[in-house]
Amino acid sequence: MAADGLTVAQLVAAIERSTAGRLVATISGDADRRIASVAPLETADGTQLGFLANPRYRPVALTSRAGAIVLDAASAAALFPSGRGEGTTIVCDAPYAWFALAAQQLTPAPTFEPWRAESARIAPTATVDASARIDELAVIEAGARIGPRVWIGAGCYVGADAAVGEATRLHPGARLLAGCVIGARGIVHAGAVIGADGFGFAPLDGRWIKIPQTGRVLIGDDVEVGANTTIDRGTMGDTVVEDGVKMDNQIQIGHNCRIGAHTVIAGCVGIAGSATIGRGCQLGGAAMILGHLSIADGTIISSGTLVSRTIGEAGFYTGFFPLMKNREWERNAATLRHLDELRERIRRLEARLQGTNDA
Amino acid sequence: MAADGLTVAQLVAAIERSTAGRLVATISGDADRRIASVAPLETADGTQLGFLANPRYRPVALTSRAGAIVLDAASAAALFPSGRGEGTTIVCDAPYAWFALAAQQLTPAPTFEPWRAESARIAPTATVDASARIDELAVIEAGARIGPRVWIGAGCYVGADAAVGEATRLHPGARLLAGCVIGARGIVHAGAVIGADGFGFAPLDGRWIKIPQTGRVLIGDDVEVGANTTIDRGTMGDTVVEDGVKMDNQIQIGHNCRIGAHTVIAGCVGIAGSATIGRGCQLGGAAMILGHLSIADGTIISSGTLVSRTIGEAGFYTGFFPLMKNREWERNAATLRHLDELRERIRRLEARLQGTNDA
Amino acid sequence: MAADGLTVAQLVAAIERSTAGRLVATISGDADRRIASVAPLETADGTQLGFLANPRYRPVALTSRAGAIVLDAASAAALFPSGRGEGTTIVCDAPYAWFALAAQQLTPAPTFEPWRAESARIAPTATVDASARIDELAVIEAGARIGPRVWIGAGCYVGADAAVGEATRLHPGARLLAGCVIGARGIVHAGAVIGADGFGFAPLDGRWIKIPQTGRVLIGDDVEVGANTTIDRGTMGDTVVEDGVKMDNQIQIGHNCRIGAHTVIAGCVGIAGSATIGRGCQLGGAAMILGHLSIADGTIISSGTLVSRTIGEAGFYTGFFPLMKNREWERNAATLRHLDELRERIRRLEARLQGTNDA
């Protein structure tokens with residue numbers, strides 16, 4: 001990218017090329033306008049690109065001073081039937097995706113020279129591709145394999161016989177423990193722990209006997225693991241995260257879970273052992289998924305919702321206590337404790353009223 | 001502080017001085033009694049200071065063997081109208097705050113000599129104040145700025161162009177990533193991650209396109225960040241934590257949040273992206289705040305409460321399911337699934353009864 | 001263990017010996033069958049051991065190809081009255097515990113030679129037993145004591161005057177801060193932080209005054225601490241985790257808590273300051289325990305449940321909002337906001353109907 005950005009025409013061409021023709025866009029107005037960065041519509045200036053994906057924000061688009069706005073044909077027709085004056089519009093059927101790709105074009109991933117910090121501790125039997133970068137004080141244990149263009153951040157740990165696929169990046173202090181595998185183009189954020197022991201104990205006479213956790217964590221390609229997120233190794237067999245899964249921070253994935261491809265998981269979610277999450281699911285923040293159940297492909301779970309049973313049918317599921325003023329909550333919660341009695345009282349009323357009416 | 005503590009009179013004078021006269025206290029009993037440390041009223045001995053802030057604990061104060069008790073005038077008058085015998089009382093309008101400051105006087109912050117551990121990796125272009133201390137195996141990247149009397153703990157990471165203000169302490173393994181800033185007198189506990197990528201993706205054909213996260217985290221003065229807490233950088237623009245915010249452990253703050261000054265956030269709280277929390281708020285443990293909303297200054301949120309909408313009016317808000325014996329919960333939860341039908345049945349009963357009465 | 005496993009007879013003898021005769025088992029079928037590893041009944045082959053503990057899975061046991069199955073006498077009599085054909089059965093009164101011990105026999109804990117990595121930073125005044133192993137880039141501060149056969153993983157931190165008991169293992173990047181103590185045979189997983197400051201502040205004029213956190217964390221024997229879990233030091237006095245407690249990942253334990261012996265705590269649980277959890281309790285995932293309360297020995301708390309008051313009587317307690325389709329939740333949640341009014345309407349109906357009937 002040139003230091004001063006790209007023209008709208010250059011962006012349109014680059015994105016059409018990078019998506020193999022999937023995202024084609026039409027320019028209205030100045031195609032040679034130079035875009036330096038992306039910004040929200042509210043604050044964007046003449047050198048910035050904004051996007052409109054939700055019709056709710058049309059009024060903001062109307063007054064935005066963004067140099068260019070990417071939006072769909074319906075919004076463009078509604079808002080700018082005769083152009084945006086000095087501003088440029090970019091019409092595309094997936095404006096938010098186009099915006100994301102434009103942001104990538106304008107913010108290229110950091111490039112680096114191959115490097116092995118002198119302070120890093122790399123076992124002699126580890127295999128590190130010549131194009132990889134190993135930062136200060138990283139530790140690579142025996143038998144580990146580090147692929148091409150991998151970037152291992154400062155203070156990271158890659159355990160014995162673990163493997164990191166091509167162009168994956170581990171941010172500072174991420175840990176991939178013994179035998180665990182992550183595929184290509186992954187991103188593991190700082191402090192994440194992949195491959196700690198699953199939580200498995202058998203009770204005996206009031207004590208707990210540890211079940212050795214001998215499985216691995218196997219992570220596919222294009223997966224993102226958030227900061228301080230933890231993914232446990234399988235007890236017997238492996239914990240599996242399929243391609244394209246995106247996980248936010250502070251998430252816990254239990255032993256022997258399987259997370260289906262292209263599922264997104266927001267922050268603070270917990271998934272107990274042996275749960276199977278389908279493909280293309282969306283789990284809201286702080287959702288809690290119990291163990292030994294499964295969730296159908298494409299299911300959406302609201303934030304703060306506890307999933308206590310298998311969800312066999314895709315859909316949008318919710319279960320959190322609604323917010324109230326505390327004094328209202330006090331009253332409603334007190335009644336909730338006796339909800340079953342209320343139902344019974346209604347039943348008796350119905351029976352008596354039936355009797356009354358019959359009389 | 002002398003090894004054997006301070007007299008009550010010395011404490012009173014020191015706190016009056018350190019608060020510029022805001023906290024003035026009156027001594028009853030032996031002002032020369034020597035106090036070595038602070039303790040709960042129940043266990044305090046004659047060399048210790050206890051406090052009474054909640055009238056509920058007056059009976060405990062009455063029988064406490066603490067060398068000195070700090071309390072307000074009303075409690076003092078009620079409990080000790082003719083003195084505490086051998087014990088000393090310290091009367092003050094903010095006894096808990098006075099106690100906290102006394103504890104600080106009796107437990108001075110650790111002092112240290114300037115130091116740069118030989119094992120630390122400090123980039124040549126980083127600026128480290130001569131009075132700072134950099135512990136074993138810390139990493140300071142290019143362009144980072146470390147202020148006066150800063151203490152960077154063992155194994156910490158300060159990214160490129162990040163900045164740490166005067167007298168701030170990073171505990172072992174805390175990470176402040178590239179470009180992020182923390183002000184003066186801050187405390188960042190072990191394992192905290194400041195500046196990981198925000199969670200932003202645009203969907204396209206069932207896959208997720210990453211939106212580059214180019215903002216920073218900007219943290220004001222006198223902020224505390226708990227162990228293993230994570231604060232994400234902004235997508236475009238910055239995530240902001242204002243002065244005096246106190247955050248406990250295991251908290252997640254999403255991209256582009258703004259946390260108002262002097263707000264306290266208890267452990268395990270999650271705040272989704274682009275939420276704006278007012279000044280002086282109190283968020284209870286494991287509260288979950290959804291994104292793109294705002295919370296008024298001074299709002300109190302109970303533990304375990306999900307905030308799903310903007311709170312425009314300060315108040316005390318709650319929303320968690322009350323605790324029950326499991327068999328009661330089973331019944332009540334089953335009824336709750338049909339609450340809407342119950343309402344309808346009541347409506348019909350009312351209509352029929354209206355008819356009955358009219359008849 | 002021989003590379004090719006142990007015979008059933010060898011396993012039975014070894015477990016009887018290791019439990020001092022507590023777990024005695026009876027073999028039916030081939031006692032010389034060689035078992036290489038453990039596996040779920042569904043996938044086990046002729047070299048593997050499976051277990052049946054829950055009668056619900058009897059059909060799976062019936063068709064399992066596991067070389068050996070451990071189960072109780074009732075299940076054995078019901079399923080295999082005339083033997084398992086080529087398969088072996090092991091009958092025992094605690095089959096899951098026997099299975100766990102067999103897995104331990106077949107997966108011995110990793111052994112190691114004493115070692116001190118050259119890159120580790122060990123203070124001259126630290127005491128490290130000659131049989132301990134200190135991995136790459138670990139830091140052991142002044143006055144710390146490392147017991148016999150302890151394994152300190154890569155990048156771990158043991159603070160000043162902290163102590164690690166015999167045969168305890170700290171996985172990579174675990175941190176035991178100054179003055180904290182863990183007993184024998186403990187396991188601390190990657191990224192755990194033991195001994196960060198408790199969260200204690202006194203308010204004054206809209207600001208927060210830090211209360212110095214001068215206590216320690218004292219952890220007994222045979223305790224497991226999950227990845228990225230945090231346990232805060234006491235404010236005054238100590239935070240105590242008794243023997244045999246098992247904690248999963250992402251848990252937060254506040255200052256001055258006491259966790260009773262042999263309690264198990266699932267992932268994402270938060271326990272606020274000064275809570276006392278009894279012995280032998282089971283806290284489900286993401287349960288939230290408020291501070292300054294106590295929970296009776298042997299109490300079971302469901303996942304996702306907030307405990308807002310002392311539980312004086314052991315039992316099984318629950319409190320989470322049941323999962324619903326979102327559109328049903330919308331209706332039910334709207335009604336829940338007015339639950340108190342519903343109760344009042346029922347009361348009025350009852351009163352009116354009473355009048356009607358009396359008429």
# chains A, B, ... in the order shown; residues from 1 in each chain; ligands from 1
>>> interface_residues(of="chain B", to="chain A", cutoff="8 Å", atoms="only C-alpha atoms", output="ChimeraX atom specification")
/B:121,137,139,155,157,175,191,193,196-197,199,201-204,206-212,214,228,230,236,250,252,270,272,288,290,305-308,315-322,324,328-329,331-332,335-336,342,345-346,349,353,356
>>> closest_residue(among="A:Ile251, A:Ala174, A:Trp151, A:Ala61", to="C:Thr229", atoms="only C-alpha atoms")
A:Ile251
>>> select_by_dssp(residues="stretch 35-185 of chain C", states="strand (DSSP E)", output="PyMOL selection string")
chain C and resi 35+37-38+48-52+68-71+88-91+115-116+121-122+127-128+133-134+139-140+145-146+151-152+157-158+163-164+169-170+175-176+181-182
>>> write_last_selection(atoms="N, CA and C atoms", output="compact mmCIF listing (two decimals), in the first residue's frame")
# COMPACT_ATOMS: atom_id res chain seq x y z
N ILE C 35 -3.78 -54.86 28.26
CA ILE C 35 -4.48 -53.58 28.05
C ILE C 35 -3.43 -52.49 27.83
N SER C 37 -4.35 -49.14 26.81
CA SER C 37 -4.83 -47.79 27.13
C SER C 37 -6.31 -47.84 27.47
N VAL C 38 -6.85 -46.69 27.86
CA VAL C 38 -8.28 -46.61 28.17
C VAL C 38 -8.98 -45.89 27.02
N GLN C 48 -8.02 -52.16 24.71
CA GLN C 48 -8.38 -51.02 25.56
C GLN C 48 -9.39 -51.39 26.64
N LEU C 49 -9.34 -50.57 27.70
CA LEU C 49 -10.25 -50.72 28.83
C LEU C 49 -11.32 -49.65 28.76
N GLY C 50 -12.59 -50.06 28.93
CA GLY C 50 -13.69 -49.10 29.05
C GLY C 50 -14.35 -49.26 30.39
N PHE C 51 -15.25 -48.30 30.75
CA PHE C 51 -15.94 -48.43 32.03
C PHE C 51 -17.43 -48.20 31.86
N LEU C 52 -18.18 -48.79 32.75
CA LEU C 52 -19.63 -48.56 32.80
C LEU C 52 -19.98 -48.19 34.23
N ALA C 68 -11.44 -55.03 27.82
CA ALA C 68 -11.96 -55.22 29.17
C ALA C 68 -12.89 -54.08 29.53
N ILE C 69 -13.89 -54.43 30.35
CA ILE C 69 -14.83 -53.42 30.84
C ILE C 69 -14.87 -53.54 32.35
N VAL C 70 -14.70 -52.40 33.05
CA VAL C 70 -14.88 -52.40 34.49
C VAL C 70 -16.29 -51.89 34.80
N LEU C 71 -16.99 -52.59 35.67
CA LEU C 71 -18.39 -52.25 35.98
C LEU C 71 -18.76 -52.85 37.33
N THR C 88 -13.15 -59.38 28.50
CA THR C 88 -12.96 -59.56 29.92
C THR C 88 -13.82 -58.56 30.68
N THR C 89 -14.34 -58.99 31.82
CA THR C 89 -15.02 -58.02 32.70
C THR C 89 -14.27 -57.95 34.02
N ILE C 90 -14.29 -56.74 34.58
CA ILE C 90 -13.66 -56.47 35.87
C ILE C 90 -14.76 -55.90 36.75
N VAL C 91 -15.08 -56.60 37.81
CA VAL C 91 -16.21 -56.18 38.64
C VAL C 91 -15.67 -55.55 39.92
N TRP C 115 16.92 -30.82 37.07
CA TRP C 115 17.49 -29.92 36.08
C TRP C 115 17.28 -28.48 36.51
N ARG C 116 18.21 -27.66 36.20
CA ARG C 116 18.01 -26.21 36.33
C ARG C 116 18.44 -25.59 35.01
N ARG C 121 16.13 -17.95 36.03
CA ARG C 121 16.73 -16.95 36.92
C ARG C 121 16.35 -17.33 38.35
N ILE C 122 17.31 -17.86 39.08
CA ILE C 122 17.05 -18.35 40.44
C ILE C 122 17.84 -17.49 41.40
N THR C 127 15.71 -21.51 47.88
CA THR C 127 16.13 -22.87 48.22
C THR C 127 15.47 -23.83 47.24
N VAL C 128 16.27 -24.47 46.43
CA VAL C 128 15.71 -25.37 45.42
C VAL C 128 16.23 -26.77 45.71
N ARG C 133 13.11 -29.85 39.16
CA ARG C 133 13.39 -29.47 37.76
C ARG C 133 12.89 -28.05 37.53
N ILE C 134 13.76 -27.19 37.05
CA ILE C 134 13.39 -25.80 36.76
C ILE C 134 13.62 -25.58 35.28
N VAL C 139 11.48 -18.00 36.70
CA VAL C 139 12.07 -17.04 37.65
C VAL C 139 11.71 -17.48 39.06
N ILE C 140 12.71 -17.64 39.90
CA ILE C 140 12.50 -17.99 41.32
C ILE C 140 13.11 -16.87 42.14
N ARG C 145 11.08 -21.29 48.32
CA ARG C 145 11.49 -22.66 48.64
C ARG C 145 10.81 -23.63 47.67
N ILE C 146 11.61 -24.40 46.97
CA ILE C 146 11.12 -25.35 45.97
C ILE C 146 11.45 -26.74 46.49
N TRP C 151 8.38 -29.69 39.76
CA TRP C 151 8.66 -29.35 38.36
C TRP C 151 8.10 -27.95 38.10
N ILE C 152 9.00 -27.02 37.89
CA ILE C 152 8.60 -25.64 37.56
C ILE C 152 8.75 -25.48 36.05
N TYR C 157 6.73 -18.27 37.34
CA TYR C 157 7.23 -17.26 38.27
C TYR C 157 6.89 -17.71 39.69
N VAL C 158 7.91 -17.80 40.54
CA VAL C 158 7.69 -18.09 41.96
C VAL C 158 8.24 -16.90 42.74
N ALA C 163 6.40 -20.77 48.49
CA ALA C 163 6.86 -22.14 48.72
C ALA C 163 6.05 -23.13 47.90
N VAL C 164 6.75 -24.08 47.31
CA VAL C 164 6.10 -25.11 46.48
C VAL C 164 6.45 -26.47 47.08
N ARG C 169 3.64 -29.63 40.50
CA ARG C 169 4.05 -29.20 39.17
C ARG C 169 3.39 -27.88 38.80
N LEU C 170 4.20 -26.93 38.37
CA LEU C 170 3.67 -25.69 37.80
C LEU C 170 3.87 -25.77 36.29
N ARG C 175 1.95 -18.67 37.79
CA ARG C 175 2.60 -17.69 38.66
C ARG C 175 2.10 -17.82 40.10
N LEU C 176 3.06 -18.02 40.99
CA LEU C 176 2.79 -18.09 42.42
C LEU C 176 3.50 -16.89 43.03
N VAL C 181 1.81 -20.07 49.21
CA VAL C 181 2.28 -21.42 49.51
C VAL C 181 1.35 -22.44 48.85
N ILE C 182 1.93 -23.43 48.21
CA ILE C 182 1.15 -24.57 47.74
C ILE C 182 1.82 -25.84 48.26
>>> select_by_dssp(residues="stretch 57-222 of chain C", states="alpha helix (DSSP H)", output="compact mmCIF listing (two decimals) with N, CA and C atoms, in the first residue's frame")
# COMPACT_ATOMS: atom_id res chain seq x y z
N ARG C 58 -25.80 -49.04 29.70
CA ARG C 58 -25.66 -50.49 29.57
C ARG C 58 -25.73 -50.98 28.13
N PRO C 59 -26.63 -50.40 27.29
CA PRO C 59 -26.65 -50.90 25.90
C PRO C 59 -25.32 -50.69 25.19
N VAL C 60 -24.63 -49.62 25.50
CA VAL C 60 -23.34 -49.37 24.87
C VAL C 60 -22.34 -50.43 25.32
N ALA C 61 -22.39 -50.76 26.61
CA ALA C 61 -21.46 -51.78 27.13
C ALA C 61 -21.71 -53.13 26.45
N LEU C 62 -22.98 -53.38 26.19
CA LEU C 62 -23.35 -54.69 25.64
C LEU C 62 -22.70 -54.94 24.28
N THR C 63 -22.55 -53.88 23.50
CA THR C 63 -22.00 -54.04 22.14
C THR C 63 -20.56 -53.56 22.04
N ALA C 73 -21.22 -55.01 40.13
CA ALA C 73 -21.76 -56.36 40.10
C ALA C 73 -23.16 -56.42 39.50
N ALA C 74 -23.96 -55.41 39.80
CA ALA C 74 -25.34 -55.43 39.29
C ALA C 74 -25.35 -55.35 37.77
N SER C 75 -24.55 -54.44 37.22
CA SER C 75 -24.49 -54.33 35.77
C SER C 75 -23.91 -55.59 35.15
N ALA C 76 -22.89 -56.14 35.79
CA ALA C 76 -22.28 -57.37 35.25
C ALA C 76 -23.29 -58.50 35.20
N ALA C 77 -24.07 -58.63 36.28
CA ALA C 77 -25.07 -59.70 36.32
C ALA C 77 -26.15 -59.49 35.27
N ALA C 78 -26.54 -58.24 35.08
CA ALA C 78 -27.61 -57.95 34.13
C ALA C 78 -27.15 -58.11 32.69
N LEU C 79 -25.92 -57.70 32.41
CA LEU C 79 -25.46 -57.66 31.02
C LEU C 79 -24.78 -58.94 30.57
N PRO C 95 -16.57 -48.55 39.84
CA PRO C 95 -15.92 -48.77 38.53
C PRO C 95 -15.28 -47.52 37.93
N TYR C 96 -15.87 -46.35 38.15
CA TYR C 96 -15.29 -45.15 37.55
C TYR C 96 -13.96 -44.81 38.22
N ALA C 97 -13.92 -44.95 39.55
CA ALA C 97 -12.67 -44.70 40.26
C ALA C 97 -11.61 -45.73 39.86
N TRP C 98 -12.05 -46.99 39.71
CA TRP C 98 -11.10 -48.03 39.30
C TRP C 98 -10.55 -47.71 37.91
N PHE C 99 -11.44 -47.27 37.05
CA PHE C 99 -11.03 -46.88 35.69
C PHE C 99 -10.00 -45.75 35.73
N ALA C 100 -10.26 -44.74 36.58
CA ALA C 100 -9.33 -43.61 36.68
C ALA C 100 -7.96 -44.09 37.14
N LEU C 101 -7.96 -44.98 38.12
CA LEU C 101 -6.68 -45.49 38.61
C LEU C 101 -6.00 -46.36 37.56
N ALA C 102 -6.78 -47.11 36.81
CA ALA C 102 -6.19 -47.90 35.73
C ALA C 102 -5.57 -46.98 34.68
N ALA C 103 -6.28 -45.89 34.37
CA ALA C 103 -5.72 -44.93 33.41
C ALA C 103 -4.41 -44.36 33.92
N GLN C 104 -4.35 -44.11 35.23
CA GLN C 104 -3.09 -43.61 35.79
C GLN C 104 -1.98 -44.66 35.65
N GLN C 105 -2.34 -45.92 35.90
CA GLN C 105 -1.34 -46.98 35.76
C GLN C 105 -0.83 -47.06 34.32
N LEU C 106 -1.73 -46.86 33.38
CA LEU C 106 -1.38 -47.00 31.97
C LEU C 106 -0.75 -45.73 31.39
>>> atom_distance(atom1="atom CA of A:Gly179", atom2="atom CA of A:Asp161")
4.8 Å
